[in-house]
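Have a look at input_23.tsv; it's TSV, C-alpha atoms:
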chain	number	residue	atom	x	y	z
X	1	MET	CA	196.87	-24.12	-134.66
X	2	SER	CA	197.40	-27.37	-136.57
X	3	SER	CA	199.01	-30.78	-136.30
X	4	SER	CA	201.32	-32.20	-138.98
X	5	SER	CA	201.27	-35.83	-137.83
X	6	GLU	CA	198.83	-38.38	-139.19
X	7	GLN	CA	196.11	-39.52	-136.81
X	8	ILE	CA	193.77	-42.45	-137.34
X	9	PHE	CA	190.56	-42.75	-135.33
X	10	SER	CA	189.10	-46.24	-135.57
X	11	GLY	CA	186.04	-47.89	-134.07
X	12	ALA	CA	184.18	-44.60	-133.78
X	13	GLN	CA	180.53	-43.87	-134.38
X	14	LEU	CA	181.10	-41.15	-136.97
X	15	VAL	CA	178.30	-38.59	-136.91
X	16	LEU	CA	178.03	-37.57	-140.55
X	17	ASN	CA	175.63	-35.00	-141.99
X	18	ASN	CA	172.88	-37.53	-142.69
X	19	GLU	CA	173.76	-40.70	-140.80
X	20	VAL	CA	175.85	-42.28	-138.06
X	21	VAL	CA	178.25	-45.02	-139.18
X	22	LEU	CA	180.80	-47.14	-137.33
X	23	GLY	CA	184.03	-46.34	-139.09
X	24	THR	CA	187.48	-44.78	-139.36
X	25	LEU	CA	188.58	-41.17	-139.70
X	26	VAL	CA	192.07	-40.21	-140.95
X	27	VAL	CA	193.57	-36.79	-140.20
X	28	GLN	CA	196.64	-35.32	-141.88
X	29	ASN	CA	198.13	-31.84	-141.37
X	30	GLY	CA	195.13	-30.69	-139.37
X	31	LEU	CA	192.62	-31.66	-142.06
X	32	ILE	CA	190.31	-34.63	-142.48
X	33	GLN	CA	191.88	-36.83	-145.14
X	34	GLU	CA	189.53	-39.79	-145.22
X	35	CYS	CA	186.26	-40.87	-143.66
X	36	GLN	CA	185.07	-44.43	-144.23
X	37	SER	CA	183.07	-47.26	-142.70
X	38	GLY	CA	184.87	-50.18	-141.08
X	39	ALA	CA	187.76	-50.47	-138.65
X	40	SER	CA	191.45	-49.84	-139.28
X	41	SER	CA	193.96	-52.62	-138.68
X	42	LEU	CA	196.91	-50.24	-138.39
X	43	PRO	CA	198.63	-50.50	-134.98
X	44	GLN	CA	198.90	-46.72	-134.57
X	45	ALA	CA	195.15	-46.22	-134.90
X	46	ILE	CA	193.35	-44.75	-131.89
X	47	ASP	CA	190.63	-47.16	-130.78
X	48	CYS	CA	187.59	-45.05	-129.99
X	49	ARG	CA	185.78	-48.08	-128.51
X	50	GLY	CA	182.46	-47.17	-130.06
X	51	ASP	CA	182.43	-43.58	-128.82
X	52	TYR	CA	180.83	-40.93	-131.00
X	53	LEU	CA	183.15	-38.73	-133.07
X	54	LEU	CA	181.52	-35.40	-133.95
X	55	PRO	CA	182.64	-32.26	-135.74
X	56	GLY	CA	183.68	-29.52	-133.31
X	57	LEU	CA	180.63	-27.61	-132.11
X	58	ILE	CA	180.03	-24.12	-133.50
X	59	GLU	CA	178.48	-21.55	-131.17
X	60	LEU	CA	176.99	-18.41	-132.76
X	61	HIS	CA	175.63	-16.56	-129.73
X	62	THR	CA	176.99	-16.81	-126.22
X	63	ASP	CA	177.10	-14.20	-123.47
X	64	ASN	CA	179.35	-16.46	-121.41
X	65	MET	CA	182.47	-14.30	-121.73
X	66	GLU	CA	180.78	-11.34	-120.01
X	67	LYS	CA	180.35	-13.14	-116.70
X	68	HIS	CA	184.10	-13.78	-116.47
X	69	PHE	CA	184.91	-10.08	-116.91
X	70	VAL	CA	182.40	-9.06	-114.24
X	71	PRO	CA	182.07	-12.11	-111.97
X	72	ARG	CA	180.37	-10.02	-109.27
X	73	PRO	CA	178.72	-6.59	-109.35
X	74	GLY	CA	181.46	-3.95	-109.34
X	75	VAL	CA	184.28	-6.49	-109.82
X	76	GLN	CA	186.36	-6.10	-113.02
X	77	TRP	CA	188.48	-9.20	-113.67
X	78	PRO	CA	191.84	-8.94	-115.53
X	79	GLY	CA	191.10	-9.28	-119.24
X	80	ARG	CA	193.44	-12.04	-120.39
X	81	SER	CA	192.52	-14.23	-117.44
X	82	ALA	CA	188.81	-13.67	-118.14
X	83	VAL	CA	189.18	-14.61	-121.81
X	84	LEU	CA	191.19	-17.74	-121.02
X	85	THR	CA	188.73	-18.92	-118.36
X	86	HIS	CA	185.90	-18.49	-120.85
X	87	ASP	CA	187.96	-20.25	-123.53
X	88	ALA	CA	188.63	-23.22	-121.26
X	89	GLN	CA	184.93	-23.54	-120.49
X	90	VAL	CA	183.84	-23.54	-124.13
X	91	ILE	CA	186.52	-26.06	-125.14
X	92	ALA	CA	185.49	-28.34	-122.28
X	93	SER	CA	181.96	-28.11	-123.72
X	94	GLY	CA	183.13	-29.34	-127.14
X	95	ILE	CA	182.89	-25.89	-128.76
X	96	THR	CA	185.83	-25.35	-131.13
X	97	THR	CA	184.47	-22.21	-132.85
X	98	VAL	CA	182.75	-19.59	-130.74
X	99	PHE	CA	181.17	-16.26	-131.65
X	100	ASP	CA	181.54	-14.21	-128.49
X	101	ALA	CA	178.50	-11.96	-128.24
X	102	VAL	CA	179.13	-8.45	-126.96
X	103	SER	CA	176.36	-5.91	-126.58
X	104	ILE	CA	176.41	-2.43	-128.06
X	105	GLY	CA	173.98	-0.64	-125.81
X	106	ASP	CA	172.34	-1.87	-122.65
X	107	ILE	CA	168.87	-1.87	-121.18
X	108	LYS	CA	170.36	-0.12	-118.13
X	109	ALA	CA	171.99	3.27	-118.76
X	110	ASP	CA	174.96	2.62	-116.45
X	111	GLY	CA	175.13	-1.15	-117.05
X	112	PHE	CA	178.41	-3.06	-117.05
X	113	ARG	CA	178.07	-4.07	-120.70
X	114	LEU	CA	178.80	-0.58	-121.98
X	115	LYS	CA	181.45	0.07	-119.33
X	116	SER	CA	183.28	-3.16	-120.21
X	117	LEU	CA	182.70	-3.21	-123.98
X	118	HIS	CA	186.05	-1.88	-125.20
X	119	TYR	CA	188.02	-3.69	-122.52
X	120	MET	CA	186.39	-7.02	-123.37
X	121	LEU	CA	187.03	-6.63	-127.08
X	122	SER	CA	190.64	-5.46	-126.73
X	123	SER	CA	191.38	-8.29	-124.28
X	124	LEU	CA	189.86	-10.86	-126.63
X	125	VAL	CA	191.77	-9.55	-129.66
X	126	GLU	CA	195.07	-9.48	-127.75
X	127	THR	CA	194.65	-12.96	-126.26
X	128	CYS	CA	193.77	-14.47	-129.64
X	129	ALA	CA	196.68	-12.68	-131.36
X	130	LEU	CA	199.07	-14.21	-128.82
X	131	GLY	CA	197.82	-17.70	-129.74
X	132	LEU	CA	196.74	-18.47	-126.19
X	133	THR	CA	193.21	-19.65	-126.89
X	134	ARG	CA	192.27	-23.24	-127.68
X	135	ALA	CA	189.01	-22.49	-129.46
X	136	ASP	CA	188.64	-20.22	-132.47
X	137	HIS	CA	187.07	-16.95	-131.30
X	138	LEU	CA	185.07	-14.57	-133.48
X	139	VAL	CA	182.83	-11.67	-132.48
X	140	HIS	CA	179.05	-11.31	-132.65
X	141	LEU	CA	177.99	-7.68	-132.22
X	142	ARG	CA	174.58	-7.46	-130.57
X	143	CYS	CA	173.11	-4.08	-131.43
X	144	GLU	CA	170.53	-2.71	-128.99
X	145	VAL	CA	169.04	-0.25	-131.46
X	146	SER	CA	166.91	1.55	-128.87
X	147	HIS	CA	170.09	2.79	-127.16
X	148	LYS	CA	171.26	6.27	-128.15
X	149	SER	CA	174.94	5.24	-128.46
X	150	CYS	CA	174.33	2.12	-130.52
X	151	LEU	CA	174.99	3.43	-134.03
X	152	GLU	CA	178.08	5.41	-133.01
X	153	LEU	CA	179.62	2.39	-131.28
X	154	PHE	CA	178.69	0.05	-134.11
X	155	THR	CA	180.41	2.33	-136.63
X	156	GLU	CA	183.51	2.34	-134.45
X	157	LEU	CA	183.69	-1.42	-133.90
X	158	SER	CA	182.27	-3.07	-137.01
X	159	ASP	CA	185.52	-2.96	-139.01
X	160	ASN	CA	187.29	-5.23	-136.50
X	161	PRO	CA	188.27	-8.35	-138.51
X	162	LEU	CA	186.95	-10.62	-135.74
X	163	VAL	CA	183.41	-9.26	-136.27
X	164	ARG	CA	181.70	-11.95	-138.34
X	165	LEU	CA	178.07	-11.71	-137.20
X	166	VAL	CA	175.72	-8.86	-136.24
X	167	SER	CA	172.27	-9.08	-134.66
X	168	ILE	CA	169.73	-6.32	-134.18
X	169	MET	CA	167.71	-6.18	-130.97
X	170	ASP	CA	165.12	-3.95	-129.33
X	171	HIS	CA	164.40	-4.94	-125.74
X	172	ALA	CA	162.16	-1.94	-125.07
X	173	PRO	CA	158.82	-2.64	-123.35
X	174	GLY	CA	156.13	-3.67	-125.81
X	175	GLN	CA	158.69	-4.87	-128.38
X	176	ARG	CA	159.29	-8.45	-129.55
X	177	GLN	CA	160.52	-10.51	-126.57
X	178	PHE	CA	158.54	-8.27	-124.24
X	179	ALA	CA	155.42	-7.72	-126.34
X	180	ARG	CA	153.56	-8.48	-123.09
X	181	LEU	CA	154.12	-5.61	-120.68
X	182	ASP	CA	153.35	-7.78	-117.65
X	183	LYS	CA	156.28	-10.07	-118.56
X	184	TYR	CA	158.55	-7.04	-118.96
X	185	ILE	CA	157.56	-5.72	-115.53
X	186	GLN	CA	157.95	-9.13	-113.93
X	187	TYR	CA	161.44	-9.58	-115.40
X	188	TYR	CA	162.97	-6.13	-114.85
X	189	GLN	CA	161.25	-5.12	-111.62
X	190	GLY	CA	162.44	-8.35	-110.06
X	191	LYS	CA	165.92	-8.04	-111.57
X	192	MET	CA	166.48	-4.40	-110.59
X	193	ASN	CA	164.38	-4.22	-107.45
X	194	PHE	CA	162.42	-1.19	-108.69
X	195	SER	CA	159.50	0.37	-106.85
X	196	ASP	CA	156.29	0.73	-108.86
X	197	ALA	CA	157.07	4.38	-109.51
X	198	GLN	CA	160.61	3.61	-110.65
X	199	MET	CA	159.31	0.86	-112.93
X	200	THR	CA	156.79	3.23	-114.54
X	201	ALA	CA	159.54	5.78	-115.23
X	202	PHE	CA	161.85	3.05	-116.56
X	203	ILE	CA	159.18	1.88	-119.03
X	204	ALA	CA	158.45	5.41	-120.26
X	205	SER	CA	162.13	6.18	-120.78
X	206	HIS	CA	162.79	3.03	-122.83
X	207	GLN	CA	159.67	3.39	-124.91
X	208	GLN	CA	160.73	6.92	-125.81
X	209	SER	CA	164.25	5.76	-126.75
X	210	SER	CA	162.84	3.01	-128.93
X	211	GLU	CA	160.62	5.49	-130.79
X	212	LEU	CA	163.58	7.83	-131.38
X	213	TYR	CA	166.35	5.46	-132.36
X	214	SER	CA	165.21	1.96	-133.28
X	215	THR	CA	164.05	2.46	-136.86
X	216	PRO	CA	166.90	4.67	-138.18
X	217	PHE	CA	169.58	2.66	-136.37
X	218	ARG	CA	168.15	-0.64	-137.63
X	219	GLN	CA	168.16	0.66	-141.21
X	220	GLN	CA	171.71	2.03	-141.12
X	221	ILE	CA	173.26	-0.99	-139.40
X	222	ALA	CA	171.58	-3.37	-141.82
X	223	ALA	CA	172.80	-1.33	-144.81
X	224	HIS	CA	176.37	-1.42	-143.47
X	225	CYS	CA	176.26	-5.21	-142.97
X	226	GLN	CA	174.89	-5.80	-146.45
X	227	ALA	CA	177.65	-3.66	-147.98
X	228	ALA	CA	180.35	-5.37	-145.89
X	229	ASN	CA	178.92	-8.88	-146.44
X	230	ILE	CA	178.54	-9.48	-142.69
X	231	PRO	CA	175.82	-12.04	-141.84
X	232	LEU	CA	172.91	-10.37	-140.09
X	233	ALA	CA	170.47	-11.84	-137.57
X	234	SER	CA	167.13	-10.66	-136.29
X	235	HIS	CA	166.28	-11.07	-132.62
X	236	ASP	CA	163.02	-12.08	-130.93
X	237	ASP	CA	160.78	-11.86	-134.01
X	238	ALA	CA	157.18	-12.40	-132.91
X	239	THR	CA	154.96	-11.75	-135.93
X	240	LEU	CA	154.78	-12.23	-139.68
X	241	ALA	CA	155.40	-8.49	-140.02
X	242	HIS	CA	158.65	-8.86	-138.05
X	243	ILE	CA	159.83	-11.63	-140.39
X	244	GLU	CA	158.95	-9.57	-143.46
X	245	GLU	CA	160.90	-6.65	-142.02
X	246	SER	CA	163.88	-8.89	-141.23
X	247	LEU	CA	163.89	-10.24	-144.76
X	248	SER	CA	163.75	-6.71	-146.18
X	249	PHE	CA	166.97	-5.95	-144.28
X	250	GLY	CA	168.72	-9.05	-145.67
X	251	MET	CA	168.74	-10.98	-142.40
X	252	SER	CA	169.60	-14.65	-142.82
X	253	ILE	CA	169.26	-15.86	-139.21
X	254	ALA	CA	166.24	-15.53	-136.92
X	255	GLU	CA	167.49	-15.61	-133.34
X	256	PHE	CA	165.04	-16.73	-130.66
X	257	PRO	CA	161.71	-16.14	-132.43
X	258	THR	CA	159.09	-15.89	-129.72
X	259	THR	CA	156.17	-17.56	-131.53
X	260	LEU	CA	155.63	-20.63	-133.68
X	261	GLU	CA	154.09	-18.42	-136.36
X	262	ALA	CA	157.25	-16.30	-136.66
X	263	ALA	CA	159.55	-19.35	-136.62
X	264	GLN	CA	157.60	-21.10	-139.35
X	265	ALA	CA	157.59	-18.00	-141.53
X	266	ALA	CA	161.33	-17.49	-141.03
X	267	HIS	CA	162.18	-21.12	-141.81
X	268	GLN	CA	159.97	-21.23	-144.89
X	269	SER	CA	161.55	-18.02	-146.20
X	270	GLY	CA	165.06	-19.48	-145.95
X	271	MET	CA	166.16	-17.85	-142.70
X	272	LYS	CA	167.84	-20.18	-140.24
X	273	VAL	CA	165.90	-20.38	-136.99
X	274	LEU	CA	168.18	-20.26	-133.93
X	275	MET	CA	166.95	-21.19	-130.47
X	276	GLY	CA	168.59	-21.55	-127.07
X	277	ALA	CA	169.98	-24.91	-126.04
X	278	PRO	CA	169.01	-24.15	-122.41
X	279	ASN	CA	165.42	-24.00	-123.68
X	280	ILE	CA	165.74	-27.67	-124.70
X	281	VAL	CA	167.58	-28.75	-121.54
X	282	ARG	CA	165.20	-26.93	-119.17
X	283	GLY	CA	162.10	-27.86	-121.14
X	284	GLY	CA	160.94	-24.38	-122.09
X	285	SER	CA	161.58	-20.64	-122.34
X	286	HIS	CA	162.34	-18.68	-119.16
X	287	SER	CA	160.51	-15.71	-120.75
X	288	GLY	CA	157.29	-17.61	-121.41
X	289	ASN	CA	157.79	-17.68	-125.19
X	290	VAL	CA	157.51	-20.63	-127.57
X	291	ALA	CA	159.54	-23.69	-126.55
X	292	ALA	CA	162.40	-24.86	-128.77
X	293	ALA	CA	160.99	-28.40	-128.55
X	294	GLU	CA	157.75	-27.16	-130.12
X	295	LEU	CA	159.68	-25.73	-133.05
X	296	ALA	CA	161.50	-29.04	-133.40
X	297	GLN	CA	158.18	-30.89	-133.53
X	298	ALA	CA	157.21	-28.59	-136.40
X	299	GLY	CA	160.55	-29.24	-138.12
X	300	VAL	CA	161.58	-25.57	-138.13
X	301	LEU	CA	164.47	-25.58	-135.63
X	302	ASP	CA	167.74	-25.10	-137.54
X	303	ILE	CA	170.41	-23.98	-135.05
X	304	LEU	CA	170.96	-24.33	-131.32
X	305	SER	CA	172.99	-21.85	-129.26
X	306	SER	CA	174.24	-22.30	-125.72
X	307	ASP	CA	173.39	-18.63	-125.01
X	308	TYR	CA	174.41	-18.31	-121.34
X	309	TYR	CA	175.43	-21.92	-120.51
X	310	PRO	CA	178.16	-23.47	-122.75
X	311	ASN	CA	177.69	-27.06	-121.65
X	312	SER	CA	174.05	-26.95	-122.71
X	313	LEU	CA	174.96	-27.10	-126.42
X	314	LEU	CA	176.00	-30.75	-126.58
X	315	ASP	CA	173.42	-31.84	-124.01
X	316	ALA	CA	170.62	-30.19	-125.98
X	317	ALA	CA	171.67	-31.74	-129.29
X	318	PHE	CA	171.54	-35.25	-127.84
X	319	GLN	CA	168.27	-34.51	-126.04
X	320	LEU	CA	166.78	-33.10	-129.24
X	321	ALA	CA	167.36	-36.44	-130.97
X	322	GLY	CA	165.45	-38.22	-128.22
X	323	LEU	CA	162.34	-36.03	-128.24
X	324	ASP	CA	159.11	-36.52	-130.17
X	325	ASN	CA	160.14	-34.85	-133.42
X	326	PRO	CA	161.58	-35.75	-136.84
X	327	TYR	CA	165.23	-35.12	-135.81
X	328	SER	CA	167.63	-38.08	-135.92
X	329	LEU	CA	170.96	-37.81	-134.06
X	330	ALA	CA	172.66	-36.73	-137.30
X	331	ASP	CA	169.95	-34.07	-137.79
X	332	ALA	CA	170.34	-32.84	-134.23
X	333	ILE	CA	174.13	-32.63	-134.43
X	334	ARG	CA	173.82	-30.53	-137.60
X	335	THR	CA	172.08	-27.85	-135.51
X	336	VAL	CA	175.35	-27.31	-133.61
X	337	THR	CA	177.86	-27.96	-136.41
X	338	SER	CA	177.30	-27.73	-140.17
X	339	THR	CA	174.18	-25.55	-140.17
X	340	PRO	CA	175.60	-22.73	-138.01
X	341	ALA	CA	178.85	-22.95	-140.02
X	342	ALA	CA	177.01	-22.48	-143.30
X	343	ALA	CA	174.82	-19.70	-141.88
X	344	VAL	CA	177.88	-17.50	-141.25
X	345	GLY	CA	179.95	-18.55	-144.26
X	346	LEU	CA	182.44	-20.85	-142.53
X	347	THR	CA	182.98	-23.32	-145.37
X	348	ASP	CA	186.08	-24.99	-143.92
X	349	ARG	CA	184.52	-26.73	-140.90
X	350	GLY	CA	181.38	-28.23	-139.39
X	351	SER	CA	181.27	-31.69	-141.02
X	352	LEU	CA	183.29	-34.90	-141.08
X	353	VAL	CA	184.21	-34.48	-144.73
X	354	ALA	CA	187.59	-34.90	-146.45
X	355	GLY	CA	189.35	-31.58	-146.89
X	356	LEU	CA	187.68	-29.83	-143.95
X	357	ARG	CA	189.35	-28.91	-140.67
X	358	ALA	CA	189.85	-31.71	-138.19
X	359	ASP	CA	187.89	-30.00	-135.41
X	360	LEU	CA	186.66	-33.05	-133.52
X	361	VAL	CA	184.85	-34.03	-130.33
X	362	ARG	CA	184.93	-37.56	-128.93
X	363	VAL	CA	181.80	-38.26	-126.90
X	364	ARG	CA	180.92	-41.30	-124.79
X	365	TRP	CA	177.28	-42.05	-124.04
X	366	GLN	CA	177.20	-43.06	-120.39
X	367	HIS	CA	174.37	-43.12	-117.85
X	368	ASP	CA	172.06	-41.48	-120.42
X	369	HIS	CA	174.41	-38.54	-120.85
X	370	PRO	CA	176.93	-37.44	-123.51
X	371	LEU	CA	180.33	-37.21	-121.79
X	372	ILE	CA	183.12	-35.43	-123.65
X	373	GLN	CA	186.32	-37.45	-123.67
X	374	GLN	CA	188.61	-35.44	-125.95
X	375	VAL	CA	188.54	-32.36	-128.21
X	376	TRP	CA	190.79	-31.48	-131.17
X	377	ASN	CA	191.21	-28.16	-133.00
X	378	GLN	CA	192.70	-28.68	-136.50
X	379	GLY	CA	194.04	-32.04	-135.43
X	380	GLU	CA	195.70	-30.74	-132.25
X	381	ARG	CA	194.30	-32.12	-129.04
X	382	VAL	CA	193.13	-29.22	-126.86
X	383	TYR	CA	191.17	-31.09	-124.20
Before we go any further, please render this structure as structure tokens.
Amino acid sequence: MSSSSEQIFSGAQLVLNNEVVLGTLVVQNGLIQECQSGASSLPQAIDCRGDYLLPGLIELHTDNMEKHFVPRPGVQWPGRSAVLTHDAQVIASGITTVFDAVSIGDIKADGFRLKSLHYMLSSLVETCALGLTRADHLVHLRCEVSHKSCLELFTELSDNPLVRLVSIMDHAPGQRQFARLDKYIQYYQGKMNFSDAQMTAFIASHQQSSELYSTPFRQQIAAHCQAANIPLASHDDATLAHIEESLSFGMSIAEFPTTLEAAQAAHQSGMKVLMGAPNIVRGGSHSGNVAAAELAQAGVLDILSSDYYPNSLLDAAFQLAGLDNPYSLADAIRTVTSTPAAAVGLTDRGSLVAGLRADLVRVRWQHDHPLIQQVWNQGERVY
């Protein structure tokens, strides 16, 4: 996907890596050719009328595709249609590069994630190969290491060329996100409508699985990723010991740390701290863990992810810049553009810099809200 014609964007507030300047951006053959302050006098220039011009947003962890494959319990939606509906939603949210997160293993033995796993991946690969998508789609394998099938499925799927990020999770009771058993019971008993007896059996089963599989699976998956040079992320680190373990496995991203202590340790060690954009928009964590805004106040929030709500990514970045923290608008936009790009080795996008891809989002600030006007992927308008 690229455009061969020259495009000139004038009168735009260009959101650069370290500042916002009123200026002109020139695009040629799908790449940024020039970025400078001041307006263009050329008649063919697009007058952006003071709107913001941002790099295309880069999303590293979203479960959004899943809901389009199974829009209701027991309903399997046709694959290509599901992918394209998801694609349209992320493009309309300003996301031009998306890592679609698919789970290997599930907290529920007969859950839809395992049933739909191969169908989701094959549908995504086919739809992308046909050139039907408007965003660039890559795959983030989420490995539930307490699940008995996790390692076998990972070995089968990890050589897919779309797999460009792997995270390691353990959602068993007493682990990381659910270190507090009362929060685990509150979440899953309400979600699955278990009786007390069923909940007790559920907890015992998952604790046993975690003891059997988590450590060896974590070690083997991490070794594979290191050998294959696939970026690796931890998930729900809560303690200094968790961060030390993550570092020992070569993990470079800390997804959703649950405490300030863990986030600070990860950031100071060079890991990029990723938090949910919905956490910013809603004003806190739905699981009762540390708020993303608190990490921003401490200056240790590196990357935002829309997680389950694509439109939250842009909203959260603009809100982040308006909160009581050291983040300017340029700083906040980096959390959804250049920093996630660098964290996964995408060196050709994420900044308004000559020679990089012209993945662009035009945003108008109106009624205290960032409204997306247009989106381009490699210079081609896609929204």
Atom pair atom CA of Gly56 of chain X + atom CA of Gln13 of chain X, distance 14.7 Å
Please identify all polymer residues lying at most 12 Å from the point (174.1, -6.0, -123.6) (file coordinates), using only C-alpha atoms, and present the result as a PyMOL selection string.
chain X and resi 62-67+101-117+140-147+150+167-171
Calculated over only C-alpha atoms, which of the candidates X:His267, X:Lys272, X:Arg218, X:Arg357 has the smallest distance to Glu245 of chain X?
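Closest to Glu245 of chain X of all the choices is X:Arg218.
The interatomic distance for the pair atom CA of Glu255 of chain X and atom CA of Thr239 of chain X works out to 13.4 Å.
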Check the smallest atom-to-atom distance from each of X:Leu247, X:Leu304, X:Leu16, X:Ala222 to Glu59 of chain X using only C-alpha atoms, then report the winner.
X:Leu304
Expressed in Å to a single decimal, how great is the separation between atom CA of Ala292 of chain X and atom CA of Met251 of chain X?
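Atom-to-atom, atom CA of Ala292 of chain X to atom CA of Met251 of chain X, that is 20.5 Å.
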Against segment 330-339 of chain X, which residues of segment 235-283 of chain X fall within 10 Å? For each one I want the closest pair of atoms and the distance in Å (one decimal), counting all atoms listed in the file, rows by chain and increasing residue number, as a tab-separated table.
residue	atom	partner	partner_atom	distance
X:Lys272	CA	X:Thr339	CA	8.3
X:Val273	CA	X:Thr335	CA	9.8
X:Leu274	CA	X:Thr335	CA	8.7
X:Met275	CA	X:Thr335	CA	9.8
X:Ala277	CA	X:Val336	CA	9.6
Determine, for each residue of segment 157-253 of chain X having at least one atom at most 10 Å from an atom of segment 342-346 of chain X, the closest pair of atoms and their separation in Å to one decimal, counting all atoms listed in the file; order by chain and ascending number, as CSV.
residue,atom,partner,partner_atom,distance
X:Arg164,CA,X:Val344,CA,7.3
X:Leu165,CA,X:Val344,CA,7.1
X:Asn229,CA,X:Gly345,CA,10.0
X:Ile230,CA,X:Val344,CA,8.2
X:Pro231,CA,X:Val344,CA,5.9
X:Leu232,CA,X:Val344,CA,8.8
X:Ala233,CA,X:Ala343,CA,10.0
X:Ser252,CA,X:Ala343,CA,7.3
X:Ile253,CA,X:Ala343,CA,7.3
Within 6 Å of segment 19-30 of chain X, counting all atoms listed in the file, which residues show up once you throw out same-chain ones fewer than 4 positions away? Write them as a list in words, please.
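The residues satisfying every condition are Ser2, Ser3, Ser4, Glu6, Gln7, Ile8, Phe9, Ser10, Gly11, Ala12, Gln13, Leu14, Val15, Glu34, Cys35, Gln36, Ser37, Gly38, Ala39, Ala330, Ala358, Gln378 and Gly379 of chain X.
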